[in-house]
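As stored in protein.tsv (TSV, C-alpha atoms):
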```tsv
chain	number	residue	atom	x	y	z
L	252	MET	CA	-12.56	100.25	12.58
L	253	LEU	CA	-11.12	96.90	11.47
L	254	ASP	CA	-7.64	98.09	12.42
L	255	ASP	CA	-8.48	97.36	16.07
L	256	PHE	CA	-7.73	93.73	16.96
L	257	MET	CA	-10.56	93.56	19.51
L	258	THR	CA	-13.07	94.69	16.90
L	259	ARG	CA	-11.87	92.04	14.47
L	260	ALA	CA	-11.95	89.40	17.22
L	261	THR	CA	-15.50	90.36	18.21
L	262	LEU	CA	-16.75	90.25	14.62
L	263	ALA	CA	-15.04	86.88	14.13
L	264	GLY	CA	-16.70	85.46	17.24
L	265	ILE	CA	-20.12	86.70	16.16
L	266	GLY	CA	-19.60	85.26	12.66
L	267	VAL	CA	-18.78	81.81	14.03
L	268	ALA	CA	-21.76	81.98	16.41
L	269	LEU	CA	-24.14	82.79	13.56
L	270	ALA	CA	-22.83	79.83	11.55
L	271	ALA	CA	-22.82	77.41	14.47
L	272	ALA	CA	-26.22	78.26	15.98
L	273	PRO	CA	-28.66	76.76	13.43
L	274	LEU	CA	-26.28	73.90	12.68
L	275	GLY	CA	-25.82	73.26	16.39
L	276	SER	CA	-29.58	72.98	16.79
L	277	PHE	CA	-29.67	70.09	14.32
L	278	VAL	CA	-26.65	68.53	16.02
L	279	VAL	CA	-28.57	68.58	19.32
L	280	TRP	CA	-31.84	67.33	17.80
L	281	ARG	CA	-30.10	64.49	15.95
L	282	ARG	CA	-27.83	63.67	18.92
L	283	MET	CA	-24.76	64.16	16.70
L	284	ALA	CA	-22.55	65.77	19.35
L	285	TYR	CA	-19.78	63.20	19.01
L	286	PHE	CA	-20.07	63.40	15.22
L	287	GLY	CA	-19.31	67.13	15.35
L	288	ASP	CA	-16.42	66.51	17.72
L	289	ALA	CA	-14.91	63.89	15.40
L	290	THR	CA	-15.19	66.19	12.39
L	291	ALA	CA	-13.48	68.99	14.33
L	292	HIS	CA	-10.61	66.72	15.43
L	293	ALA	CA	-10.04	65.65	11.84
L	294	ALA	CA	-9.55	69.28	10.81
L	295	ILE	CA	-6.05	69.37	12.32
L	296	LEU	CA	-5.01	66.89	9.61
L	297	GLY	CA	-6.41	69.38	7.09
L	298	VAL	CA	-4.27	72.10	8.66
L	299	ALA	CA	-1.15	69.95	8.18
L	300	LEU	CA	-2.15	69.24	4.56
L	301	SER	CA	-2.69	72.94	3.85
L	302	LEU	CA	0.67	73.90	5.32
L	303	ALA	CA	2.44	71.15	3.36
L	304	LEU	CA	0.85	72.33	0.10
L	305	GLU	CA	1.39	76.00	1.03
L	306	ILE	CA	-2.27	76.87	0.55
L	307	SER	CA	-4.87	78.55	2.74
L	308	ILE	CA	-5.94	76.63	5.84
L	309	PHE	CA	-9.63	76.85	4.88
L	310	PRO	CA	-9.77	74.49	1.84
L	311	GLY	CA	-7.58	71.86	3.52
L	312	ALA	CA	-9.65	71.88	6.70
L	313	VAL	CA	-12.93	71.71	4.75
L	314	ALA	CA	-11.69	68.84	2.59
L	315	ILE	CA	-10.48	66.67	5.49
L	316	ALA	CA	-13.47	67.48	7.73
L	317	LEU	CA	-15.83	66.59	4.88
L	318	LEU	CA	-13.88	63.39	4.14
L	319	MET	CA	-14.13	62.39	7.81
L	320	ALA	CA	-17.87	63.04	7.92
L	321	LEU	CA	-18.49	61.11	4.69
L	322	THR	CA	-16.34	58.19	5.92
L	323	VAL	CA	-18.33	57.97	9.13
L	324	SER	CA	-21.64	58.15	7.24
L	325	THR	CA	-20.51	55.41	4.84
L	326	LEU	CA	-19.13	52.99	7.44
L	327	SER	CA	-21.86	53.41	10.05
L	328	GLY	CA	-24.27	50.49	10.12
L	329	ARG	CA	-21.79	48.16	8.40
L	330	GLY	CA	-20.67	46.18	11.41
L	331	TYR	CA	-19.34	49.17	13.35
L	332	ALA	CA	-21.02	50.80	16.33
L	333	MET	CA	-21.30	54.54	15.70
L	334	ASP	CA	-19.66	55.64	18.95
L	335	THR	CA	-16.75	53.23	18.46
L	336	LEU	CA	-16.26	54.32	14.85
L	337	LEU	CA	-16.31	58.00	15.79
L	338	GLY	CA	-13.89	57.45	18.65
L	339	VAL	CA	-11.39	55.59	16.47
L	340	LEU	CA	-11.53	58.02	13.54
L	341	ALA	CA	-11.58	61.19	15.65
L	342	HIS	CA	-8.54	60.42	17.76
L	343	SER	CA	-6.68	58.78	14.89
L	344	ALA	CA	-7.14	61.81	12.65
L	345	LEU	CA	-6.05	64.16	15.44
L	346	ALA	CA	-2.96	62.05	16.17
L	347	PHE	CA	-1.99	61.71	12.49
L	348	GLY	CA	-2.49	65.45	12.05
L	349	LEU	CA	-0.21	66.31	14.97
L	350	VAL	CA	2.44	63.86	13.75
L	351	ALA	CA	2.19	65.22	10.19
L	352	VAL	CA	2.75	68.77	11.44
L	353	SER	CA	5.97	67.66	13.16
L	354	PHE	CA	7.37	66.52	9.78
L	355	LEU	CA	6.89	69.89	8.11
L	356	GLN	CA	10.29	71.40	7.45
L	357	GLY	CA	10.94	75.12	7.58
L	358	ILE	CA	7.45	75.94	8.85
L	359	ARG	CA	6.92	77.38	12.29
L	360	ILE	CA	3.47	76.61	13.63
L	361	ASP	CA	1.82	77.35	16.94
L	362	LEU	CA	-0.18	74.19	17.58
L	363	MET	CA	-1.91	75.76	20.58
L	364	ALA	CA	-3.44	78.35	18.25
L	365	TYR	CA	-5.03	75.61	16.14
L	366	LEU	CA	-6.02	73.43	19.08
L	367	PHE	CA	-7.55	76.17	21.26
L	368	GLY	CA	-7.89	79.06	18.83
L	369	ASP	CA	-6.22	82.46	18.54
L	370	ILE	CA	-9.12	84.81	17.98
L	371	LEU	CA	-7.07	87.88	18.92
L	372	ALA	CA	-4.81	87.25	15.91
L	373	VAL	CA	-7.66	87.27	13.38
L	374	SER	CA	-6.74	89.34	10.32
L	375	ARG	CA	-8.97	91.09	7.80
L	376	THR	CA	-8.53	88.15	5.44
L	377	ASP	CA	-9.47	85.70	8.19
L	378	LEU	CA	-12.51	87.83	8.96
L	379	ALA	CA	-13.61	87.71	5.32
L	380	VAL	CA	-13.24	83.91	5.26
L	381	ILE	CA	-15.14	83.51	8.56
L	382	TRP	CA	-18.06	85.70	7.49
L	383	GLY	CA	-18.09	84.20	3.99
L	384	GLY	CA	-18.34	80.73	5.53
L	385	ALA	CA	-20.97	81.89	8.02
L	386	VAL	CA	-23.15	83.36	5.26
L	387	LEU	CA	-22.72	80.19	3.18
L	388	VAL	CA	-23.70	77.92	6.08
L	389	ALA	CA	-26.64	80.12	7.12
L	390	GLY	CA	-27.87	80.26	3.52
L	391	LEU	CA	-27.51	76.50	3.08
L	392	ILE	CA	-29.43	75.75	6.28
L	393	ALA	CA	-32.13	78.32	5.45
L	394	TRP	CA	-32.54	76.85	1.95
L	395	ARG	CA	-32.94	73.30	3.24
L	396	TRP	CA	-34.57	74.16	6.59
L	397	SER	CA	-37.94	72.51	6.01
L	398	ALA	CA	-36.45	69.37	4.45
L	399	LEU	CA	-33.79	69.10	7.15
L	400	LEU	CA	-36.36	69.49	9.89
L	401	THR	CA	-38.65	66.85	8.38
L	402	ALA	CA	-35.78	64.40	7.95
L	403	THR	CA	-34.70	65.04	11.53
L	404	LEU	CA	-38.18	64.45	12.98
L	405	ASN	CA	-39.02	61.25	11.12
L	406	ALA	CA	-37.24	59.50	8.24
L	407	GLU	CA	-40.43	57.73	7.10
L	408	LEU	CA	-42.31	61.03	7.02
L	409	ALA	CA	-39.47	62.50	4.97
L	410	TYR	CA	-39.68	59.68	2.42
L	411	ALA	CA	-43.46	60.15	2.23
L	412	SER	CA	-42.90	63.84	1.53
L	413	GLY	CA	-40.44	63.11	-1.27
L	414	ILE	CA	-37.41	64.02	0.82
L	415	ASP	CA	-34.28	61.86	0.88
L	416	PRO	CA	-32.91	61.79	4.48
L	417	LYS	CA	-29.47	60.75	3.23
L	418	ARG	CA	-29.30	63.82	1.02
L	419	GLU	CA	-30.22	66.04	3.96
L	420	GLN	CA	-27.56	64.28	6.04
L	421	LEU	CA	-25.07	65.21	3.32
L	422	VAL	CA	-26.18	68.86	3.49
L	423	LEU	CA	-25.60	68.86	7.25
L	424	THR	CA	-22.24	67.19	6.76
L	425	LEU	CA	-21.14	69.86	4.28
L	426	ALA	CA	-22.34	72.67	6.55
L	427	LEU	CA	-20.53	71.08	9.50
L	428	ALA	CA	-17.26	70.84	7.55
L	429	ILE	CA	-17.46	74.52	6.54
L	430	THR	CA	-18.27	75.59	10.11
L	431	VAL	CA	-15.33	73.63	11.50
L	432	ALA	CA	-12.99	75.20	8.95
L	433	VAL	CA	-14.03	78.79	9.69
L	434	ALA	CA	-14.06	78.26	13.47
L	435	ILE	CA	-10.51	76.90	13.76
L	436	LYS	CA	-9.00	80.37	14.01
L	437	VAL	CA	-11.51	81.46	16.66
L	438	VAL	CA	-11.85	78.61	19.17
L	439	GLY	CA	-9.58	75.87	17.79
L	440	VAL	CA	-10.40	72.27	16.90
L	441	LEU	CA	-10.78	71.14	20.52
L	442	LEU	CA	-13.46	73.72	21.33
L	443	ILE	CA	-15.43	73.88	18.06
L	444	ALA	CA	-17.86	71.19	19.19
L	445	ALA	CA	-18.54	73.23	22.33
L	446	MET	CA	-19.61	76.25	20.28
L	447	LEU	CA	-21.85	74.02	18.18
L	448	ILE	CA	-23.55	72.26	21.07
L	449	ILE	CA	-23.60	74.52	24.15
L	450	PRO	CA	-25.47	77.58	22.74
L	451	ALA	CA	-28.06	75.28	21.12
L	452	ALA	CA	-28.47	73.26	24.31
L	453	ALA	CA	-28.80	76.49	26.32
L	454	ALA	CA	-31.48	77.76	23.93
L	455	ARG	CA	-33.59	74.62	24.07
L	456	PRO	CA	-35.41	75.35	27.38
L	457	LEU	CA	-36.27	78.87	26.17
L	458	ALA	CA	-37.65	77.98	22.75
L	459	ARG	CA	-41.15	76.87	21.74
L	460	THR	CA	-40.38	76.31	18.05
L	461	PRO	CA	-37.35	75.02	16.11
L	462	GLU	CA	-36.89	78.43	14.47
L	463	ALA	CA	-36.92	80.15	17.86
L	464	MET	CA	-34.32	77.72	19.18
L	465	ALA	CA	-31.94	78.49	16.30
L	466	LEU	CA	-32.44	82.25	16.77
L	467	ILE	CA	-31.93	82.11	20.54
L	468	ALA	CA	-28.87	79.90	20.07
L	469	ALA	CA	-27.41	82.51	17.72
L	470	CYS	CA	-27.99	85.23	20.30
L	471	ILE	CA	-26.43	83.13	23.09
L	472	GLY	CA	-23.44	82.26	20.90
L	473	ALA	CA	-22.87	85.87	19.82
L	474	GLY	CA	-23.35	87.13	23.37
L	475	SER	CA	-20.89	84.52	24.65
L	476	ALA	CA	-18.32	85.71	22.11
L	477	VAL	CA	-18.68	89.37	23.10
L	478	ILE	CA	-18.74	88.77	26.87
L	479	GLY	CA	-16.04	86.08	26.73
L	480	LEU	CA	-13.68	88.36	24.83
L	481	ARG	CA	-14.26	91.18	27.30
L	482	ALA	CA	-13.67	88.83	30.23
L	483	ALA	CA	-10.47	87.52	28.62
L	484	TYR	CA	-9.24	91.09	28.14
L	485	VAL	CA	-9.99	92.11	31.74
L	486	LEU	CA	-8.91	88.88	33.45
L	487	ASP	CA	-6.01	88.08	31.07
L	488	THR	CA	-7.37	84.60	30.31
L	489	PRO	CA	-7.32	82.59	27.01
L	490	ALA	CA	-9.94	84.08	24.68
L	491	GLY	CA	-11.33	80.89	23.09
L	492	PRO	CA	-11.85	78.98	26.34
L	493	SER	CA	-13.28	82.13	27.95
L	494	ILE	CA	-15.96	82.30	25.24
L	495	VAL	CA	-16.87	78.65	25.84
L	496	CYS	CA	-16.99	79.26	29.61
L	497	VAL	CA	-19.54	82.06	29.13
L	498	ALA	CA	-21.64	79.78	26.90
L	499	ALA	CA	-21.45	77.08	29.58
L	500	LEU	CA	-22.68	79.54	32.20
L	501	ALA	CA	-25.60	80.42	29.91
L	502	PHE	CA	-26.42	76.71	29.63
L	503	ALA	CA	-26.31	76.37	33.43
L	504	ALA	CA	-28.63	79.38	33.80
L	505	THR	CA	-31.25	78.13	31.30
L	506	SER	CA	-31.08	74.63	32.79
L	507	LEU	CA	-31.75	76.10	36.22
L	508	LEU	CA	-34.69	78.07	34.85
L	509	ARG	CA	-36.15	74.89	33.35
L	510	LEU	CA	-35.68	73.04	36.62
L	511	LEU	CA	-37.38	75.84	38.59
L	512	GLY	CA	-40.20	75.92	36.07
L	513	ARG	CA	-40.83	72.19	36.43
L	514	THR	CA	-40.76	72.50	40.22
L	515	ALA	CA	-43.26	75.37	40.16
L	516	THR	CA	-45.74	73.41	38.03
L	517	ARG	CA	-45.82	70.44	40.41
```
Encoded form (structure tokens):
Amino acid sequence: MLDDFMTRATLAGIGVALAAAPLGSFVVWRRMAYFGDATAHAAILGVALSLALEISIFPGAVAIALLMALTVSTLSGRGYAMDTLLGVLAHSALAFGLVAVSFLQGIRIDLMAYLFGDILAVSRTDLAVIWGGAVLVAGLIAWRWSALLTATLNAELAYASGIDPKREQLVLTLALAITVAVAIKVVGVLLIAAMLIIPAAAARPLARTPEAMALIAACIGAGSAVIGLRAAYVLDTPAGPSIVCVAALAFAATSLLRLLGRTATR
């Protein structure tokens, strides 16, 4: 079954969706959209590092994405506005990564594949890494769910409950770095933030509880992967962007439903 490239691509898309959905919910609740985008942009520097050291892309991308997230967390509130800091670090890391790749000798690299993804080229090894990362992220979020939710709702309440918000921020940072690393092959660094944010934002109007929002986001993300891949195959369009387009249409649909619901109650 895994010999078919469309089957591997579909499983890869679903794996990324399952990892991104619960994490994306916290990104939306905490208004960390730009934070996720900055971490994703930094991953291209990790790709260059991995290629230079002749190691797997995954550890290099995780290391640099985690370093970026920790740098932002450390410098924020020390005389730097968060949006300015994220903008500087995100675009600087992306630029340095692209320049570093150009210096690699004897290595042929398709930058478009890393920037926008190449889900149709996912191998069995890639699939194992993606699902391994997805299970790790899902397990980490499930383990810390209550503490993460409390820290997200109110930092003072978290302290009163014996929960350290900074520690929970670190858990989210680690999960975000892993998600970025496993999603590079599927949607690329420029579209990873979209897969984190759009399914979660689309699920918000349909959910009554945080758990329901994460579950609905996972369904929307997985459905977007399946439908987007089919649309890309039929219409001969880029697979990664097609997946994001389907997720965006889902967001538009749920937003319209919320708007109609508000109008009906007036």
Near range 305-309 of chain L, within 10 Å and counting only C-alpha atoms, which residues show up once chain neighbours fewer than 5 positions away are dropped, as number ranges by chain? L: 294-295, 297-300, 314, 358, 377, 380-381, 384, 429, 431-436
What gap, in Å, lies between CA of Gly311 in chain L and CA of Ile392 in chain L? 22.4 Å
Hey, can you check how far CA of Val339 in chain L sits from CA of Ala320 in chain L?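 So the answer is 13.1 Å.
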Counting only C-alpha atoms, the option among L:Met283, L:Val323, L:Ala393, L:Ile471 closest to Thr335 in chain L: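 Ranking L:Met283, L:Val323, L:Ala393, L:Ile471 by distance to Thr335 in chain L, first place goes to L:Val323.
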Quick one: residues within 12 Å of Arg481 in chain L, all atoms listed in the file counted, chain neighbours fewer than 6 positions away excluded, as a list in words?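 My reading of the contact set: Met257, Thr258, Ala260, Thr261, Gly264, Leu371, Gly474, Ser475, Asp487, Thr488, Pro489, Ala490, Gly491, Ser493, Ile494 and Val497 of chain L.
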